[in-house]
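Shown next, in structure tokens, is the structure this report addresses.
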Amino acid sequence: MDTRLVPSIETAASTDGGAVVSHKYVYGVVEASDDVEFETDAVGDADRVYTVSHRRYAAVVSDIDTTEPEETDEDAQRHDDVLREIMEHDGGQTIVPMRFGMAFEGDRELKNVLRNAQPAFRRALRDIDGKIELGLKLVEEEDAEVDREAIEEDVADVLEPIADQSVPNDLFSDRLVFNRSYLVDEDDREAFDDAVADLEDRYEDRLMVRYTGPFAPYSFVDVKIGAQ
Amino acid sequence: MASQRRPDASSLAEVLDRVLDKGVVIDVWARVSVVGIELLTIEARVVVASVDTFLHYAEEISKIEQATAEGDLEELEELEIEERPESSPQSAE
């Protein structure tokens with residue numbers, strides 16, 4: 001962020017007449033008509049998740065005492081757990097997931113973002129409405145000889161017709177021959193599960209299958225909001 | 001026919017891959033200040049969408065830009081609310 005002064009982000013909870021003024025940790029954005037409020041183990045030891053809304057969109061938040069939360073394994077897991085709870089909430093709710101660490105000074109700042117980024121949230125919500133993210137990694141068995149290109153084509157032939165979209169992920173190891181995230185409609189979830197099982201059977205002796213999720217569609221909401 | 005395969009939800013590494021690296025990002029300035037800032041929204045889609053989808057986006061974006069320029073964004077939004085199908089995601093569970 002070049003040479004500009006960074007606003008004081010370590011002020012934590014200031015006090016106002018004895019009452020603690022808390023900051024807001026944001027998990028994601030939902031339609032304001034979706035009422036989300038429940039008790040859970042939230043980021044930063046908070047125990048309640050609720051919404052702050054501005055017109056059509058609402059941020060799902062919990063109270064936090066800092067605007068720069070530490071990236072601990074526990075809190076990263078909680079961030080994801082809360083998103084999963086929301087996705088399963090009330091028969092299934094669509095939420096545009098935030099990256100870990102999106103804590104706001106207060107309601108005014110949060111509403112300002114909800115207001116100014118309305119078109120981005122609208123498009124993101126439309127893209128992922130009723131959909132989940134699933135991950136597939138294929139790892140070469142020791143001493144197995146595999147034709148990566150053929151596998152890639154085969155997997156694409158089987159999974160792409162069922163998925164809505166997909167994005168490649170890094171092949172961070174020599175034995176990792178395939179790594180992709182899929183956006184799948186909840187209605188197509190069983191068909192996708194079956195197709196993965198078929199692939200697993202087909203490559204049983206050559207590949208290990210790591211099939212993960214369902215996640216909030218993190219990989220399919222590439223939205224960045226900056227200040228000018 | 002193969003037996004059904006359920007995805008595994010328990011891997012911390014998989015969660016960290018996503019939570020720390022993907023999802024909507026909001027600049028710290030936009031999170032701690034309201035005064036004197038303007039928000040920029042950049043949507044760089046990494047997804048190779050179909051041409052149809054791309055054209056649809058381009059059309060929607062130009063509609064919004066046009067509406068913003070003409071100052072009737074609210075009207076456009078009201079219109080879209082009515083066109084929008086009920087958003088009630090189905091759970092396969």
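Quick note on naming: the chains in the structure tokens go A, B, ... in the order shown, residues restart at 1 in each chain, and ligands are numbered from 1 in order of appearance.
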_If you run DSSP on the backbone here, which positions in range 7-212 of chain A get helix (DSSP H, G or I)? Please write them as a ChimeraX atom specification._
/A:43-45,73-91,107-116,118-128,148-159,186-202
_Could you list, as a PyMOL selection string, every residue within 8 Å of Arg56 in chain A, counting only C-alpha atoms and ignoring same-chain residues fewer than 4 positions away?_
chain A and resi 31-33
Any chance you could export the current selection's N, CA, C and O atoms as an mmCIF file, in the first residue's frame?
```
data_model
loop_
_atom_site.group_PDB
_atom_site.id
_atom_site.type_symbol
_atom_site.label_atom_id
_atom_site.label_comp_id
_atom_site.auth_asym_id
_atom_site.auth_seq_id
_atom_site.Cartn_x
_atom_site.Cartn_y
_atom_site.Cartn_z
ATOM 1 N N GLU A 31 -28.182 -11.876 1.250
ATOM 2 C CA GLU A 31 -29.319 -10.995 0.981
ATOM 3 C C GLU A 31 -29.855 -10.534 2.333
ATOM 4 O O GLU A 31 -29.980 -11.347 3.257
ATOM 5 N N ALA A 32 -30.214 -9.257 2.440
ATOM 6 C CA ALA A 32 -30.662 -8.727 3.727
ATOM 7 C C ALA A 32 -31.941 -9.421 4.214
ATOM 8 O O ALA A 32 -32.227 -9.457 5.401
ATOM 9 N N SER A 33 -32.682 -10.002 3.278
ATOM 10 C CA SER A 33 -33.919 -10.685 3.670
ATOM 11 C C SER A 33 -33.647 -12.016 4.375
ATOM 12 O O SER A 33 -34.513 -12.576 5.035
#
```
*Close residues, range 91-96 of chain A itself excluded, 10 Å, only C-alpha atoms, min 4 positions apart in chain, as a ChimeraX atom specification*: /A:27-31,34-36,58-60,83-87,121-122,124-132,186,216-218,220-221,223 /B:23-24,87-93
*asked:* Between CA of Gly135 in chain A and CA of Val209 in chain A, what distance in Å does the model show, to one decimal?
replied: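 These two atoms are separated by 10.3 Å.
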*Any idea what's packed within 6 Å of Leu20 in chain B, counting only C-alpha atoms, ignoring anything in its chain fewer than 4 positions away? Could you give it as a PyMOL selection string?*
(chain A and resi 99-100) or (chain B and resi 16)
_Atom-to-atom span, CA of Asp194 in chain A and CA of Glu153 in chain A, Å_ =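 Computing the Euclidean distance for CA of Asp194 in chain A and CA of Glu153 in chain A yields 18.1 Å.
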*Using only C-alpha atoms, select each residue of chain A with any atom at most 7 Å away from an atom of chain B, and give the selection as a ChimeraX atom specification.*
/A:76-77,80,91-94,97-100,102-105,109-110,112,116-117,120,129-130,166-167,186-187,189,193-194,196-198,211-214,218-219,221-228
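Of the residues under consideration (A:Leu183, A:Val49, A:Ala191, A:Ala144), A:Leu183 shows the shortest atom-to-atom contact distance to Ala163 in chain A when counting only C-alpha atoms.
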_Report, in Å with one decimal, the straight-line distance from CA of Asp75 in chain A to CA of Val184 in chain A._
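Rounded to one decimal, the two atoms are 26.4 Å apart.
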_From a backbone DSSP assignment, name each residue in range 60-191 of chain A labelled strand (DSSP E), as a VMD selection string._
chain A and resid 60 to 64 96 to 97 103 to 104 131 to 140 165 to 168 176 to 185
Kindly export the residues of the current selection with N, CA and C atoms, as a compact mmCIF listing (two decimals), in the first residue's frame.
```
# COMPACT_ATOMS: atom_id res chain seq x y z
N VAL A 60 -22.67 -10.84 7.54
CA VAL A 60 -22.78 -11.72 8.70
C VAL A 60 -21.53 -11.49 9.54
N VAL A 61 -21.72 -11.07 10.80
CA VAL A 61 -20.60 -10.61 11.63
C VAL A 61 -20.62 -11.24 13.02
N SER A 62 -19.49 -11.10 13.71
CA SER A 62 -19.46 -11.31 15.16
C SER A 62 -18.59 -10.19 15.73
N ASP A 63 -18.73 -9.94 17.03
CA ASP A 63 -17.97 -8.87 17.66
C ASP A 63 -16.52 -9.32 17.86
N ILE A 64 -15.60 -8.35 17.72
CA ILE A 64 -14.18 -8.66 17.89
C ILE A 64 -13.48 -7.42 18.46
N VAL A 96 -21.76 -14.97 0.18
CA VAL A 96 -20.51 -14.61 -0.51
C VAL A 96 -19.42 -14.60 0.55
N PRO A 97 -18.49 -15.56 0.51
CA PRO A 97 -17.52 -15.67 1.61
C PRO A 97 -16.39 -14.65 1.53
N ALA A 103 -11.97 -7.59 9.34
CA ALA A 103 -12.60 -6.97 10.51
C ALA A 103 -12.74 -5.47 10.26
N PHE A 104 -13.90 -4.94 10.63
CA PHE A 104 -14.21 -3.53 10.39
C PHE A 104 -14.19 -2.75 11.70
N LYS A 131 -25.17 -22.81 -4.65
CA LYS A 131 -24.04 -23.64 -5.07
C LYS A 131 -23.00 -23.79 -3.95
N ILE A 132 -22.21 -24.85 -4.05
CA ILE A 132 -21.16 -25.13 -3.08
C ILE A 132 -19.84 -25.34 -3.82
N GLU A 133 -18.74 -25.26 -3.06
CA GLU A 133 -17.43 -25.54 -3.66
C GLU A 133 -16.94 -26.91 -3.19
N LEU A 134 -16.41 -27.70 -4.13
CA LEU A 134 -15.84 -29.00 -3.81
C LEU A 134 -14.42 -29.05 -4.38
N GLY A 135 -13.53 -29.72 -3.66
CA GLY A 135 -12.14 -29.79 -4.12
C GLY A 135 -11.76 -31.21 -4.51
N LEU A 136 -10.97 -31.34 -5.58
CA LEU A 136 -10.49 -32.67 -5.97
C LEU A 136 -8.99 -32.62 -6.24
N LYS A 137 -8.28 -33.47 -5.50
CA LYS A 137 -6.84 -33.62 -5.73
C LYS A 137 -6.59 -35.08 -6.10
N LEU A 138 -5.73 -35.30 -7.08
CA LEU A 138 -5.33 -36.65 -7.44
C LEU A 138 -3.83 -36.77 -7.22
N VAL A 139 -3.46 -37.72 -6.39
CA VAL A 139 -2.05 -37.91 -6.05
C VAL A 139 -1.58 -39.27 -6.57
N GLU A 140 -0.47 -39.24 -7.29
CA GLU A 140 0.11 -40.45 -7.87
C GLU A 140 0.54 -41.42 -6.77
N GLN A 165 -18.86 -24.38 -12.77
CA GLN A 165 -17.58 -23.78 -13.15
C GLN A 165 -16.49 -24.54 -12.43
N SER A 166 -15.23 -24.33 -12.87
CA SER A 166 -14.12 -24.91 -12.12
C SER A 166 -12.89 -24.03 -12.30
N VAL A 167 -11.99 -24.09 -11.31
CA VAL A 167 -10.72 -23.36 -11.40
C VAL A 167 -9.57 -24.29 -10.99
N PRO A 168 -8.43 -24.15 -11.69
CA PRO A 168 -7.27 -24.97 -11.33
C PRO A 168 -6.59 -24.42 -10.08
N LEU A 176 1.47 -34.74 -7.06
CA LEU A 176 0.11 -34.20 -7.22
C LEU A 176 -0.13 -33.99 -8.71
N VAL A 177 -0.96 -34.83 -9.31
CA VAL A 177 -1.12 -34.75 -10.75
C VAL A 177 -2.33 -33.90 -11.16
N PHE A 178 -3.21 -33.61 -10.21
CA PHE A 178 -4.42 -32.88 -10.55
C PHE A 178 -4.93 -32.18 -9.30
N ASN A 179 -5.33 -30.89 -9.43
CA ASN A 179 -5.82 -30.14 -8.27
C ASN A 179 -6.77 -29.06 -8.75
N ARG A 180 -8.04 -29.25 -8.50
CA ARG A 180 -9.04 -28.32 -9.03
C ARG A 180 -10.18 -28.09 -8.04
N SER A 181 -10.77 -26.89 -8.09
CA SER A 181 -11.97 -26.60 -7.29
C SER A 181 -13.16 -26.49 -8.23
N TYR A 182 -14.28 -27.03 -7.78
CA TYR A 182 -15.49 -27.04 -8.60
C TYR A 182 -16.63 -26.30 -7.90
N LEU A 183 -17.38 -25.53 -8.69
CA LEU A 183 -18.60 -24.91 -8.19
C LEU A 183 -19.76 -25.80 -8.64
N VAL A 184 -20.48 -26.35 -7.67
CA VAL A 184 -21.50 -27.34 -7.99
C VAL A 184 -22.84 -26.94 -7.36
N ASP A 185 -23.89 -27.02 -8.13
CA ASP A 185 -25.23 -26.74 -7.62
C ASP A 185 -25.59 -27.82 -6.59
```
